[in-house]
$ cat input_34.txt   # compact mmCIF, C-alpha atoms
# COMPACT_ATOMS: atom_id res chain seq x y z
CA MET A 1 133.05 92.77 49.38
CA LEU A 2 129.99 90.59 50.04
CA GLU A 3 129.63 89.66 53.70
CA MET A 4 128.44 86.06 53.90
CA SER A 5 129.77 82.72 55.03
CA SER A 6 131.56 80.74 52.35
CA PRO A 7 131.43 77.96 51.51
CA ILE A 8 127.96 77.10 52.79
CA LEU A 9 127.11 73.39 52.57
CA ILE A 10 123.34 72.74 52.60
CA ILE A 11 122.14 69.19 53.20
CA GLY A 12 118.96 67.45 54.33
CA ASP A 13 115.30 68.03 53.53
CA SER A 14 114.89 69.25 49.93
CA TYR A 15 111.99 71.62 50.59
CA LEU A 16 113.70 73.37 53.49
CA SER A 17 116.99 73.52 51.60
CA LYS A 18 115.32 75.03 48.54
CA ASN A 19 113.63 77.61 50.76
CA MET A 20 117.03 78.59 52.18
CA ILE A 21 118.42 79.14 48.70
CA VAL A 22 115.39 81.20 47.64
CA SER A 23 115.84 83.36 50.77
CA ALA A 24 119.55 83.76 50.02
CA LYS A 25 118.79 84.90 46.46
CA LYS A 26 116.44 87.55 47.84
CA LYS A 27 118.94 88.67 50.46
CA TYR A 28 121.85 88.86 48.01
CA LYS A 29 119.83 89.97 44.98
CA ASN A 30 122.48 92.52 43.94
CA ALA A 31 125.12 89.81 43.55
CA TYR A 32 125.56 87.81 40.35
CA TRP A 33 124.46 84.18 40.77
CA GLU A 34 126.20 81.44 38.78
CA ILE A 35 124.28 78.15 39.07
CA VAL A 36 126.17 75.04 37.99
CA SER A 37 125.41 71.31 37.94
CA ALA A 38 128.18 68.98 39.09
CA THR A 39 126.41 66.18 37.21
CA ASP A 40 125.66 67.85 33.86
CA GLN A 41 128.79 70.02 33.62
CA THR A 42 132.46 68.99 33.66
CA PRO A 43 134.92 70.31 36.27
CA ASP A 44 136.64 72.37 33.55
CA GLU A 45 133.33 74.00 32.56
CA ILE A 46 132.49 74.79 36.17
CA ARG A 47 135.95 76.26 36.85
CA MET A 48 135.66 78.42 33.72
CA LEU A 49 132.19 79.71 34.67
CA THR A 50 133.24 80.57 38.21
CA GLY A 51 136.22 82.50 36.89
CA PHE A 52 134.20 84.83 34.65
CA SER A 53 133.62 88.33 35.97
CA GLN A 54 130.57 90.40 35.07
CA ILE A 55 130.97 94.06 34.09
CA GLY A 56 129.65 96.41 36.75
CA ILE A 57 129.08 93.64 39.34
CA ASP A 58 131.63 93.11 42.09
CA ASP A 59 129.96 90.29 44.03
CA LYS A 60 129.46 86.79 42.69
CA ILE A 61 127.88 83.71 44.27
CA VAL A 62 128.35 80.24 42.79
CA LEU A 63 125.66 77.67 43.59
CA ILE A 64 126.90 74.12 43.00
CA GLN A 65 124.14 71.52 42.92
CA ASP A 66 123.46 67.97 41.60
CA ILE A 67 126.63 66.62 43.19
CA PRO A 68 127.13 62.96 42.14
CA ASN A 69 128.47 60.30 44.48
CA LYS A 70 131.96 60.42 42.96
CA LYS A 71 135.21 61.00 44.85
CA GLN A 72 136.85 62.93 42.01
CA ILE A 73 133.95 65.42 41.95
CA ARG A 74 134.09 65.88 45.74
CA ASP A 75 137.84 66.47 45.52
CA PHE A 76 137.34 68.96 42.68
CA ILE A 77 134.74 70.97 44.67
CA LEU A 78 137.02 71.14 47.72
CA ASP A 79 139.91 72.29 45.54
CA LEU A 80 137.72 74.88 43.79
CA VAL A 81 136.48 76.57 46.97
CA THR A 82 139.93 76.61 48.59
CA THR A 83 141.84 78.00 45.59
CA SER A 84 139.31 80.66 44.50
CA THR A 85 139.61 84.29 45.57
CA SER A 86 137.90 85.43 48.79
CA SER A 87 135.55 87.68 46.78
CA LEU A 88 133.95 84.60 45.23
CA LYS A 89 131.29 82.99 47.46
CA PHE A 90 130.12 79.39 47.25
CA ILE A 91 126.93 77.57 48.21
CA ILE A 92 127.17 73.81 47.86
CA TRP A 93 123.76 72.15 47.83
CA ASP A 94 123.36 68.38 48.18
CA SER A 95 120.23 68.46 46.00
CA LEU A 96 120.50 64.72 45.25
CA ASN A 97 120.37 63.90 48.99
CA HIS A 98 123.50 61.77 49.12
CA ILE A 99 124.67 63.15 52.46
CA LYS A 100 122.68 61.65 55.30
CA LEU A 101 123.35 61.55 59.01
CA ASP A 102 123.53 58.02 60.39
CA PRO A 103 121.16 57.98 63.42
CA LYS A 104 123.34 55.42 65.22
CA THR A 105 126.86 56.79 64.65
CA LYS A 106 125.76 60.45 64.28
CA THR A 107 128.16 60.77 61.33
CA TYR A 108 127.62 61.26 57.59
CA GLY A 109 128.84 57.80 56.60
CA LYS A 110 132.24 56.72 55.28
CA THR A 111 131.69 58.13 51.79
CA TRP A 112 130.85 61.73 52.75
CA VAL A 113 132.19 62.21 56.29
CA ASP A 114 135.60 63.52 55.16
CA PHE A 115 134.02 65.89 52.62
CA VAL A 116 131.77 67.42 55.30
CA LYS A 117 134.59 67.55 57.85
CA VAL A 118 136.93 69.45 55.50
CA ILE A 119 134.24 72.09 54.85
CA GLU A 120 133.42 72.39 58.56
CA GLU A 121 137.07 73.16 59.30
CA MET A 122 137.36 75.90 56.66
CA LYS A 123 137.49 79.48 57.86
CA ASP A 124 134.11 81.28 57.49
CA ALA A 125 132.46 78.05 56.30
CA LYS A 126 129.03 76.90 57.43
CA VAL A 127 127.23 73.54 57.28
CA VAL A 128 123.42 73.62 57.41
CA ASP A 129 121.71 70.28 58.02
CA ASN A 130 117.95 70.55 57.45
CA GLY A 131 117.45 66.97 58.62
CA THR A 132 115.37 64.18 57.16
CA ASP A 133 111.98 62.63 57.94
CA PHE A 134 111.11 62.06 61.58
CA SER A 135 111.27 58.36 62.47
CA GLU A 136 108.45 56.43 64.13
CA LYS A 137 110.29 56.77 67.45
CA GLU A 138 110.45 60.55 67.03
CA SER A 139 106.70 61.21 67.07
CA ASN A 140 107.00 63.42 70.16
CA VAL A 141 109.81 65.39 68.52
CA CYS A 142 107.68 65.75 65.38
CA VAL A 143 104.71 67.03 67.44
CA LYS A 144 106.92 69.70 69.03
CA TYR A 145 108.33 70.67 65.61
CA ILE A 146 104.81 71.14 64.21
CA GLN A 147 103.66 73.20 67.21
CA ASP A 148 106.79 75.37 67.04
CA CYS A 149 106.21 76.00 63.32
CA PHE A 150 102.60 77.07 63.96
CA LYS A 151 103.82 79.28 66.83
CA LYS A 152 106.13 81.17 64.45
CA TYR A 153 103.00 82.21 62.54
CA GLY A 154 101.24 83.25 65.76
CA LYS A 155 99.00 80.16 65.83
CA THR A 156 98.28 77.72 68.65
CA ILE A 157 97.45 74.05 68.14
CA ASP A 158 96.81 71.44 70.86
CA ASN A 159 98.39 67.98 71.01
CA LYS A 160 95.36 66.06 69.69
CA SER A 161 95.03 68.33 66.65
CA THR A 162 98.79 68.19 66.08
CA ILE A 163 98.76 64.39 66.04
CA SER A 164 95.90 64.40 63.52
CA PHE A 165 97.87 66.87 61.37
CA MET A 166 100.93 64.60 61.58
CA ASP A 167 98.84 61.53 60.67
CA ILE A 168 97.44 63.24 57.58
CA VAL A 169 100.59 64.93 56.24
CA GLY A 170 103.24 62.50 57.42
CA LYS A 171 106.62 63.11 59.06
CA ASN A 172 108.55 64.74 56.26
CA LYS A 173 109.82 68.11 57.53
CA GLY A 174 109.46 69.89 54.21
CA MET A 175 105.90 68.69 53.58
CA LEU A 176 104.92 69.57 57.15
CA LEU A 177 106.27 73.11 56.84
CA SER A 178 104.74 73.56 53.39
CA GLU A 179 101.29 72.52 54.65
CA ILE A 180 101.62 74.70 57.77
CA GLN A 181 102.43 77.71 55.59
CA LYS A 182 99.32 77.10 53.47
CA ILE A 183 97.03 76.53 56.46
CA CYS A 184 98.26 79.65 58.25
CA LEU A 185 97.11 81.82 55.35
CA ASN A 186 93.50 81.26 56.40
CA CYS A 187 93.14 79.74 59.85
CA PRO A 188 92.04 80.93 63.31
CA ASP A 189 94.61 81.81 65.96
CA ILE A 190 93.61 78.71 67.92
CA ILE A 191 93.42 75.65 65.65
CA ASN A 192 91.24 72.68 66.56
CA GLU A 193 91.07 69.14 65.15
CA LYS A 194 87.94 69.86 63.09
CA PHE A 195 89.76 72.61 61.21
CA ILE A 196 92.76 70.35 60.61
CA ILE A 197 90.66 67.48 59.27
CA GLU A 198 88.66 69.72 56.96
CA ASN A 199 91.53 71.81 55.62
CA THR A 200 94.69 69.73 55.63
CA PHE A 201 95.78 68.20 52.34
CA PRO A 202 96.65 64.52 52.83
CA SER A 203 99.95 63.41 51.35
CA SER A 204 99.45 59.70 52.02
CA THR A 205 97.95 57.08 49.71
CA GLU A 206 94.93 56.97 52.04
CA SER A 207 93.90 60.48 51.00
CA ALA A 208 90.73 59.38 49.20
CA ILE A 209 89.71 57.12 52.09
CA TYR A 210 90.30 59.93 54.56
CA LYS A 211 88.44 62.65 52.64
CA PHE A 212 85.51 60.58 51.40
CA GLY A 213 85.23 58.62 54.65
CA ASN A 214 85.13 61.87 56.59
CA ALA A 215 82.12 63.00 54.52
CA ILE A 216 80.28 59.73 55.27
CA ASP A 217 80.95 60.04 59.00
CA THR A 218 79.24 63.43 59.16
CA GLY A 219 75.98 61.52 58.78
CA ASP A 220 74.83 64.21 56.34
CA THR A 221 73.72 62.76 53.00
CA GLY A 222 74.10 66.13 51.26
CA ILE A 223 77.72 66.52 52.35
CA ALA A 224 78.50 62.93 51.34
CA ILE A 225 76.91 63.33 47.89
CA ARG A 226 78.80 66.59 47.28
CA ALA A 227 82.05 64.87 48.25
CA LEU A 228 81.21 62.01 45.87
CA GLU A 229 80.55 64.38 42.99
CA ASP A 230 83.74 66.32 43.75
CA PHE A 231 85.84 63.13 43.65
CA MET A 232 84.19 61.96 40.44
CA SER A 233 84.75 65.36 38.80
CA HIS A 234 88.47 64.91 39.52
CA GLY A 235 88.54 61.58 37.69
CA ILE A 236 88.32 59.14 40.61
CA ASN A 237 86.40 56.14 39.31
CA GLU A 238 83.37 54.43 40.84
CA TYR A 239 85.29 51.25 41.65
CA LEU A 240 87.72 53.05 43.98
CA LEU A 241 84.87 54.96 45.64
CA GLY A 242 82.90 51.74 46.00
CA ASP A 243 85.91 50.05 47.59
CA ILE A 244 86.12 52.88 50.14
CA LEU A 245 82.44 52.47 50.99
CA MET A 246 82.91 48.71 51.28
CA LYS A 247 85.65 49.34 53.83
CA LYS A 248 83.38 51.73 55.74
CA ALA A 249 80.68 49.02 55.90
CA ARG A 250 83.19 46.51 57.29
CA TRP A 251 84.47 48.98 59.86
CA GLN A 252 80.93 49.90 60.91
CA LEU A 253 80.23 46.21 61.51
CA VAL A 254 83.31 45.79 63.69
CA ALA A 255 82.50 48.93 65.71
CA ALA A 256 78.88 47.81 66.19
CA TYR A 257 80.01 44.36 67.29
CA MET A 258 82.43 45.85 69.83
CA TRP A 259 79.85 48.25 71.27
CA SER A 260 77.31 45.44 71.50
CA ASN A 261 79.85 43.42 73.47
CA GLY A 262 80.40 46.13 76.07
CA PHE A 263 83.49 47.97 74.86
CA SER A 264 83.54 51.65 75.86
CA TRP A 265 83.57 54.47 73.31
CA HIS A 266 87.13 55.21 74.39
CA GLU A 267 88.28 51.63 73.73
CA ILE A 268 86.63 51.07 70.35
CA PRO A 269 88.96 53.26 68.17
CA ASP A 270 92.05 51.41 69.44
CA ARG A 271 90.32 48.07 68.92
CA LEU A 272 89.40 49.10 65.37
CA MET A 273 93.05 49.85 64.63
CA ASP A 274 93.91 46.22 65.47
CA MET A 275 90.82 44.45 64.16
CA GLY A 276 92.73 41.88 62.11
CA LYS A 277 90.89 39.96 59.41
CA PHE A 278 87.49 40.32 61.07
CA PRO A 279 85.08 40.88 59.42
CA SER A 280 86.43 40.88 55.85
CA VAL A 281 86.07 37.10 55.68
CA ILE A 282 82.28 37.59 55.63
CA TRP A 283 82.80 38.18 51.89
CA HIS A 284 83.45 34.47 51.45
CA GLY A 285 81.08 31.54 51.92
CA GLY A 286 78.41 29.65 50.02
CA LEU A 287 75.38 31.78 50.95
CA THR A 288 74.40 34.87 48.98
CA ASN A 289 74.28 38.17 50.84
CA SER A 290 70.48 38.19 50.66
CA GLU A 291 70.41 34.74 52.26
CA LYS A 292 72.87 35.85 54.93
CA LYS A 293 70.77 38.93 55.64
CA LYS A 294 67.60 36.87 56.16
CA GLU A 295 69.31 34.21 58.25
CA SER A 296 70.94 36.81 60.50
CA SER A 297 67.49 38.17 61.44
CA GLU A 298 66.63 34.82 63.06
CA PHE A 299 69.36 35.28 65.67
CA ILE A 300 68.12 37.67 68.34
CA SER A 301 70.72 38.24 71.08
CA VAL A 302 74.26 39.48 70.62
CA GLU A 303 75.54 36.06 71.67
CA ASP A 304 73.33 34.37 69.06
CA LYS A 305 74.51 36.76 66.38
CA THR A 306 78.12 35.98 67.28
CA GLU A 307 77.26 32.29 66.93
CA PHE A 308 75.71 33.08 63.54
CA MET A 309 78.96 34.71 62.39
CA VAL A 310 80.99 31.70 63.52
CA TYR A 311 78.79 28.80 62.37
CA LYS A 312 76.88 30.31 59.44
CA LEU A 313 79.40 32.74 57.99
CA GLY A 314 82.45 30.64 58.77
CA ILE A 315 84.40 33.26 60.72
CA PRO A 316 86.87 31.43 63.00
CA GLN A 317 86.06 31.76 66.69
CA ASP A 318 89.47 33.18 67.53
CA TYR A 319 88.83 36.26 65.35
CA PHE A 320 86.57 37.47 68.13
CA ILE A 321 89.28 37.11 70.76
CA PRO A 322 92.31 39.43 70.44
CA LYS A 323 95.50 37.40 70.40
CA VAL A 324 98.06 38.58 72.95
CA VAL A 325 101.75 37.85 72.96
CA LYS A 326 104.38 38.68 75.54
CA VAL A 327 107.07 41.01 74.31
CA LYS A 328 110.24 41.44 76.34
CA LYS A 329 111.54 45.00 76.35
CA SER A 330 114.92 44.06 77.81
CA LYS A 331 116.45 41.62 80.22
CA LYS A 332 115.95 44.03 83.13
CA GLU A 333 112.42 45.15 82.28
CA ASP A 334 109.25 43.17 82.79
CA SER A 335 107.64 41.72 79.68
CA ASP A 336 104.99 43.81 77.99
CA VAL A 337 101.77 42.62 76.38
CA LYS A 338 100.53 43.77 73.01
CA THR A 339 97.74 42.83 70.61
CA GLU A 340 98.97 40.79 67.65
CA ARG A 341 97.81 42.01 64.26
CA VAL A 342 97.02 39.22 61.83
CA GLU A 343 99.46 39.20 58.90
CA GLY A 344 97.94 40.59 55.74
CA SER A 345 94.97 42.00 57.63
CA GLU A 346 92.95 45.06 56.69
CA THR A 347 93.63 48.03 58.91
CA ILE A 348 92.32 51.56 59.29
CA PRO A 349 95.18 53.82 58.12
CA LEU A 350 94.86 56.63 60.70
CA ARG A 351 93.57 56.56 64.27
CA PHE A 352 91.42 59.69 63.95
CA MET A 353 89.52 57.90 61.17
CA ALA A 354 88.66 55.15 63.66
CA ALA A 355 87.61 57.81 66.17
CA GLN A 356 85.38 59.52 63.60
CA LEU A 357 83.68 56.28 62.62
CA THR A 358 83.10 55.47 66.30
CA GLU A 359 81.59 58.91 66.88
CA PHE A 360 79.31 58.44 63.86
CA LEU A 361 78.00 55.18 65.33
CA ARG A 362 77.54 56.77 68.77
CA SER A 363 75.90 60.06 67.80
CA LYS A 364 74.14 59.31 64.50
CA ILE A 365 72.95 55.72 64.96
CA ILE A 366 72.81 54.80 68.65
CA ALA A 367 71.96 58.11 70.35
CA PRO A 368 68.73 58.73 68.35
CA ASN A 369 67.48 55.26 69.32
CA GLN A 370 68.39 55.21 73.01
CA GLY A 371 65.36 55.29 75.29
CA LYS A 372 63.22 53.49 72.72
CA TYR A 373 64.52 50.03 73.68
CA THR A 374 66.16 48.21 76.57
CA ASP A 375 69.97 48.03 76.40
CA GLU A 376 70.00 44.40 75.27
CA VAL A 377 67.40 44.95 72.55
CA LEU A 378 69.22 48.06 71.33
CA LYS A 379 72.53 46.18 71.14
CA SER A 380 70.90 43.44 69.09
CA LYS A 381 69.22 45.93 66.74
CA ILE A 382 72.44 47.92 66.24
CA LEU A 383 74.28 44.74 65.35
CA SER A 384 71.44 43.71 63.00
CA ARG A 385 71.67 47.09 61.28
CA ALA A 386 75.43 46.62 60.85
CA PHE A 387 74.87 43.18 59.28
CA ASN A 388 72.30 44.48 56.85
CA VAL A 389 74.36 47.54 55.93
CA TYR A 390 77.34 45.29 55.25
CA PHE A 391 75.41 42.80 53.13
CA THR A 392 73.57 45.52 51.18
CA VAL A 393 76.75 47.51 50.46
CA SER A 394 78.52 44.28 49.54
CA ASP A 395 75.83 43.41 46.96
CA LEU A 396 75.99 46.92 45.50
CA PHE A 397 79.78 46.73 45.29
CA LYS A 398 79.49 43.47 43.36
CA ASP A 399 77.16 45.23 40.94
CA ILE A 400 79.84 47.89 40.41
CA ARG A 401 82.44 45.22 39.74
CA TYR A 402 80.39 43.16 37.30
CA ASN A 403 77.73 45.56 35.94
CA SER A 404 79.34 48.94 35.21
CA LYS A 405 76.21 50.42 33.58
CA ASP A 406 74.61 51.42 36.88
CA SER A 407 77.79 51.95 38.90
CA THR A 408 77.09 55.61 39.78
CA GLN A 409 73.59 54.76 41.00
CA CYS A 410 75.09 51.94 43.09
CA ILE A 411 77.45 54.43 44.77
CA TYR A 412 74.51 56.68 45.69
CA GLN A 413 72.64 53.73 47.20
CA MET A 414 75.74 52.65 49.16
CA ILE A 415 75.98 56.15 50.67
CA TYR A 416 72.30 56.20 51.67
CA THR A 417 72.65 52.73 53.23
CA LEU A 418 75.75 53.62 55.27
CA ILE A 419 74.24 56.85 56.63
CA ASP A 420 70.65 55.66 57.22
CA PRO A 421 70.05 55.48 61.02
CA GLU A 422 67.11 53.05 60.65
CA ILE A 423 67.38 50.06 63.00
CA ASN A 424 63.92 48.57 62.52
CA GLU A 425 64.65 45.05 61.27
CA GLU A 426 61.47 44.73 59.25
CA LYS A 427 62.42 47.79 57.20
CA LEU A 428 66.04 46.73 56.95
CA LEU A 429 65.07 43.41 55.41
CA GLU A 430 63.09 45.09 52.64
CA ASP A 431 65.06 44.96 49.39
$ encode --input "input_34.txt" --output "structure tokens"
Amino acid sequence: MLEMSSPILIIGDSYLSKNMIVSAKKKYKNAYWEIVSATDQTPDEIRMLTGFSQIGIDDKIVLIQDIPNKKQIRDFILDLVTTSTSSLKFIIWDSLNHIKLDPKTKTYGKTWVDFVKVIEEMKDAKVVDNGTDFSEKESNVCVKYIQDCFKKYGKTIDNKSTISFMDIVGKNKGMLLSEIQKICLNCPDIINEKFIIENTFPSSTESAIYKFGNAIDTGDTGIAIRALEDFMSHGINEYLLGDILMKKARWQLVAAYMWSNGFSWHEIPDRLMDMGKFPSVIWHGGLTNSEKKKESSEFISVEDKTEFMVYKLGIPQDYFIPKVVKVKKSKKEDSDVKTERVEGSETIPLRFMAAQLTEFLRSKIIAPNQGKYTDEVLKSKILSRAFNVYFTVSDLFKDIRYNSKDSTQCIYQMIYTLIDPEINEEKLLED
């Protein structure tokens, strides 16, 4: 007789659960597998199929899946597994994900708790809970899970790289494990953040922003153009790519403004993550971008340029001052202070993207020009470059929106503008 637990109830993450079933089929490959659907087949059909015996095969495993949220079906399954002979083995898979553990009560909810409890109390039974997505509060638990999974494949990954991996893939256990399995086919024993960023497949909606933005932040025009052509060959249109580049221009402007106002390289990524509506409102206003570009050149110091943004571009003064609100943790704890994000604001999806953009500004734009100017002059020139990049990219994006004939050429020009390290204002003003 087949030696295995029965019944086995499998619940939780679909990918992990499916993997368990595939492993079981390999382990018990000599047994006959009867796979039934509790949704598509009636109880009478299922009972009839489980009762059939196959000539020359002694062991039989019945996999019951697609269990609907119906009491009569739950009662039928419990009756079936308790009244069948001991030679018949059962795997009950909650493939529709009805059974979920309540994080507060630590129970499976009123509907399913009795069903699970009855199976748990059966002799030789086993309940396997593969869990669900990690919550926002479980980031540390998720980091440990990822590192443990890599360790099983003999790989080591540090905390920073793990967090980047989690940001890109998300917190779904199945997707995390699936991506880890793929990466471990061709990765070094010690995995760094660069490898993760270049080789991890993003599951979020920000995937295009992340991949294309990463190519821009290398500061290498060749890499950026190849990334552009790769995206276009996969059917991603010029408008979406132009929108990504427009975002990059806005973020570059914010980062340049912050550096010019004395924020450290360590502080800027966090500030970028909470930048609020600044500077997307630059899009609006009566002046054309060419007029804005020329007028901005008349303001020399960082303070004057800030004044230009407030009085000429119409950006409210308070956009330059982070709003802080007191947040009480509990009655016993002291109040905490956090930055308030403006409702409906544009945000950078992942922190490592903010860090990459900051590093681009530091190493590709500022570093090559340090030593050529005094600190104050350099700050002013860097901010001027950011203005001109923004206005130029904005004009090109408008061309994509309203003149589709030259949209591909506009994308190329946007890339060259974003990557160009030139900070000489006379050259920047040339159209």
$ closest_residue --input "input_34.txt" --among "A:Tyr412, A:Tyr373, A:Tyr15, A:Tyr28" --to "A:Thr221" --atoms "all atoms listed in the file"
A:Tyr412
$ residues_around --input "input_34.txt" --residues "A:Ile382" --least-positions-apart "6" --cutoff "8 Å" --atoms "all atoms listed in the file" --output "ChimeraX atom specification"
/A:256,260,365-366,423
$ residues_around --input "input_34.txt" --residues "stretch 178-195 of chain A" --least-positions-apart "3" --cutoff "10 Å" --atoms "only C-alpha atoms" --output "PyMOL selection string"
chain A and resi 15-16+146-147+149-151+153-165+169+173-175+198-203+352
$ residues_around --input "input_34.txt" --residues "A:Ile64" --least-positions-apart "5" --cutoff "7 Å" --atoms "all atoms listed in the file" --output "VMD selection string"
chain A and resid 35 to 38 91 to 93
$ atom_distance --input "input_34.txt" --atom1 "atom CA of A:Glu267" --atom2 "atom CA of A:Phe360"
15.0 Å
$ atom_distance --input "input_34.txt" --atom1 "atom CA of A:Lys364" --atom2 "atom CA of A:Pro421"
6.6 Å
$ residues_around --input "input_34.txt" --residues "stretch 96-106 of chain A" --least-positions-apart "6" --cutoff "10 Å" --atoms "only C-alpha atoms" --output "JSON, numbers by chain"
{"A": [10, 11, 12, 13, 14, 65, 66, 67, 68, 69, 112, 113, 115, 116, 129, 131, 132, 135]}
$ closest_residue --input "input_34.txt" --among "A:Ile209, A:Leu272, A:Glu359, A:Asn369" --to "A:Ile236" --atoms "only C-alpha atoms"
A:Ile209
$ residues_around --input "input_34.txt" --residues "A:Lys89" --least-positions-apart "6" --cutoff "7 Å" --atoms "all atoms listed in the file" --output "ChimeraX atom specification"
/A:6-7,60-62
$ write_last_selection --input "input_34.txt" --atoms "C-alpha atoms" --output "PDB file, keeping the file's coordinate frame"
ATOM      1  CA  SER A   6     131.560  80.740  52.350  1.00  0.00           C
ATOM      2  CA  PRO A   7     131.430  77.960  51.510  1.00  0.00           C
ATOM      3  CA  LYS A  60     129.460  86.790  42.690  1.00  0.00           C
ATOM      4  CA  ILE A  61     127.880  83.710  44.270  1.00  0.00           C
ATOM      5  CA  VAL A  62     128.350  80.240  42.790  1.00  0.00           C
TER       6      VAL A  62
END
$ atom_distance --input "input_34.txt" --atom1 "atom CA of A:Lys126" --atom2 "atom CA of A:Leu9"
6.3 Å
$ closest_residue --input "input_34.txt" --among "A:Trp33, A:Phe212, A:Tyr239, A:Tyr108" --to "A:Thr408" --atoms "all atoms listed in the file"
A:Tyr239
$ closest_residue --input "input_34.txt" --among "A:Ile8, A:Val302, A:Ile216, A:Leu361" --to "A:Gly262" --atoms "all atoms listed in the file"
A:Val302
